[in-house]
file model07.cif (mmCIF, C-alpha atoms, pLDDT in the B column; chains and numbers go by the auth columns)
data_data
#
loop_
_atom_site.group_PDB
_atom_site.id
_atom_site.type_symbol
_atom_site.label_atom_id
_atom_site.label_comp_id
_atom_site.label_asym_id
_atom_site.label_seq_id
_atom_site.Cartn_x
_atom_site.Cartn_y
_atom_site.Cartn_z
_atom_site.B_iso_or_equiv
_atom_site.auth_seq_id
_atom_site.auth_asym_id
ATOM 1 C CA MET A 1 18.116 21.725 42.791 75.00 1 A
ATOM 2 C CA PRO A 2 21.300 21.242 44.796 79.00 2 A
ATOM 3 C CA ILE A 3 21.061 19.069 47.890 83.00 3 A
ATOM 4 C CA SER A 4 22.636 21.895 49.905 85.00 4 A
ATOM 5 C CA PHE A 5 19.274 23.717 49.794 91.00 5 A
ATOM 6 C CA GLY A 6 17.582 20.818 51.606 89.00 6 A
ATOM 7 C CA PRO A 7 17.467 20.056 55.324 93.00 7 A
ATOM 8 C CA SER A 8 20.431 18.381 56.982 93.00 8 A
ATOM 9 C CA TRP A 9 18.672 15.009 57.375 94.00 9 A
ATOM 10 C CA LEU A 10 18.069 14.925 53.618 92.00 10 A
ATOM 11 C CA ARG A 11 21.776 15.513 52.939 90.00 11 A
ATOM 12 C CA VAL A 12 22.601 12.480 55.093 92.00 12 A
ATOM 13 C CA VAL A 13 19.975 10.254 53.472 92.00 13 A
ATOM 14 C CA ALA A 14 21.058 11.304 49.968 90.00 14 A
ATOM 15 C CA HIS A 15 24.424 9.593 50.382 88.00 15 A
ATOM 16 C CA PHE A 16 22.641 6.222 50.510 92.00 16 A
ATOM 17 C CA ASP A 17 21.011 6.831 47.124 90.00 17 A
ATOM 18 C CA PRO A 18 23.204 5.784 44.159 89.00 18 A
ATOM 19 C CA LEU A 19 21.511 8.339 41.912 90.00 19 A
ATOM 20 C CA TYR A 20 22.890 11.115 44.111 91.00 20 A
ATOM 21 C CA TYR A 21 26.391 10.249 42.926 92.00 21 A
ATOM 22 C CA VAL A 22 25.280 10.051 39.293 93.00 22 A
ATOM 23 C CA VAL A 23 23.691 13.501 39.499 92.00 23 A
ATOM 24 C CA GLU A 24 26.738 15.023 41.188 91.00 24 A
ATOM 25 C CA GLY A 25 29.001 13.472 38.549 93.00 25 A
ATOM 26 C CA ALA A 26 26.765 14.777 35.752 93.00 26 A
ATOM 27 C CA ARG A 27 26.872 18.263 37.266 92.00 27 A
ATOM 28 C CA ALA A 28 30.656 18.149 37.397 93.00 28 A
ATOM 29 C CA LEU A 29 30.837 16.953 33.788 94.00 29 A
ATOM 30 C CA GLY A 30 28.396 19.659 32.731 94.00 30 A
ATOM 31 C CA ALA A 31 30.666 22.227 34.355 92.00 31 A
ATOM 32 C CA GLY A 32 33.570 20.867 32.289 91.00 32 A
ATOM 33 C CA SER A 33 35.451 19.241 35.149 87.00 33 A
ATOM 34 C CA PHE A 34 36.380 15.787 33.881 86.00 34 A
ATOM 35 C CA SER A 35 38.801 14.999 36.696 87.00 35 A
ATOM 36 C CA SER A 36 36.495 15.951 39.551 88.00 36 A
ATOM 37 C CA ASP A 37 36.113 13.602 42.512 92.00 37 A
ATOM 38 C CA HIS A 38 32.365 13.571 41.846 91.00 38 A
ATOM 39 C CA VAL A 39 32.924 12.015 38.414 94.00 39 A
ATOM 40 C CA TRP A 40 35.076 9.221 39.822 94.00 40 A
ATOM 41 C CA GLN A 41 32.639 8.603 42.663 93.00 41 A
ATOM 42 C CA ALA A 42 29.804 8.316 40.145 94.00 42 A
ATOM 43 C CA PHE A 43 31.755 5.706 38.183 93.00 43 A
ATOM 44 C CA ALA A 44 32.727 3.870 41.372 95.00 44 A
ATOM 45 C CA VAL A 45 29.080 3.582 42.420 94.00 45 A
ATOM 46 C CA THR A 46 27.427 3.126 39.024 94.00 46 A
ATOM 47 C CA VAL A 47 29.651 0.465 37.426 96.00 47 A
ATOM 48 C CA PRO A 48 29.348 -2.138 40.236 95.00 48 A
ATOM 49 C CA LEU A 49 25.638 -1.394 40.566 94.00 49 A
ATOM 50 C CA CYS A 50 25.120 -1.970 36.836 96.00 50 A
ATOM 51 C CA ALA A 51 27.086 -5.227 37.019 97.00 51 A
ATOM 52 C CA LEU A 52 24.958 -6.379 39.953 97.00 52 A
ATOM 53 C CA VAL A 53 21.697 -5.532 38.186 97.00 53 A
ATOM 54 C CA LEU A 54 22.897 -7.226 34.986 98.00 54 A
ATOM 55 C CA ALA A 55 23.747 -10.408 36.900 98.00 55 A
ATOM 56 C CA TRP A 56 20.374 -10.355 38.655 98.00 56 A
ATOM 57 C CA ALA A 57 18.462 -9.759 35.421 97.00 57 A
ATOM 58 C CA THR A 58 20.357 -12.554 33.682 97.00 58 A
ATOM 59 C CA SER A 59 19.518 -15.029 36.440 97.00 59 A
ATOM 60 C CA VAL A 60 15.842 -14.023 36.421 97.00 60 A
ATOM 61 C CA PHE A 61 15.699 -14.379 32.639 97.00 61 A
ATOM 62 C CA ARG A 62 17.363 -17.798 32.749 96.00 62 A
ATOM 63 C CA LYS A 63 14.869 -19.018 35.371 95.00 63 A
ATOM 64 C CA ALA A 64 11.942 -17.689 33.351 95.00 64 A
ATOM 65 C CA VAL A 65 13.093 -19.362 30.134 92.00 65 A
ATOM 66 C CA ALA A 66 13.977 -22.714 31.728 81.00 66 A
#

call {"tool": "encode", "arguments": {"input": "model07.cif", "output": "structure tokens"}}
result
Amino acid sequence: MPISFGPSWLRVVAHFDPLYYVVEGARALGAGSFSSDHVWQAFAVTVPLCALVLAWATSVFRKAVA
């Protein structure tokens, strides 16, 4: 369901959720728009977040093994 159907406070809060950008990018890709701003925003949010989670998981694993 598009966020535009929700109340205005939900539209504001959604911009703090990284999955919002992934969903918007997936919708743009599903519509066949590879150069959409939503696709680039999804990459810009997802790639650093994945790197951060990978670094955190690596440090937790190293502490658990040591």

call {"tool": "residues_around", "arguments": {"input": "model07.cif", "residues": "region 43-47 of chain A", "least_positions_apart": "4", "cutoff": "9 Å", "atoms": "all atoms listed in the file", "output": "PyMOL selection string"}}
result
chain A and resi 18-19+21-22+25+38-39+51-52

call {"tool": "resolve_selection", "arguments": {"input": "model07.cif", "expression": "the PyMOL selection byres ((chain A and resi 1) around 12)", "output": "MDAnalysis selection string"}}
result
chainID A and resid 2:6 20 23:24 27

call {"tool": "closest_residue", "arguments": {"input": "model07.cif", "among": "A:Leu29, A:Ala57, A:Val65, A:Val12", "to": "Ala42 (chain A)", "atoms": "only C-alpha atoms"}}
result
A:Leu29

call {"tool": "atom_distance", "arguments": {"input": "model07.cif", "atom1": "CA of Lys63 (chain A)", "atom2": "CA of Asp17 (chain A)"}}
result
29.1 Å

call {"tool": "atom_distance", "arguments": {"input": "model07.cif", "atom1": "CA of Phe16 (chain A)", "atom2": "CA of Ala28 (chain A)"}}
result
19.5 Å

call {"tool": "axis_aligned_box", "arguments": {"input": "model07.cif", "around": "region 36-52 of chain A", "padding_each_side": "3 Å", "output": "AutoDock Vina command-line options"}}
result
--center_x 30.7 --center_y 4.8 --center_z 39.7 --size_x 17.5 --size_y 28.3 --size_z 11.8
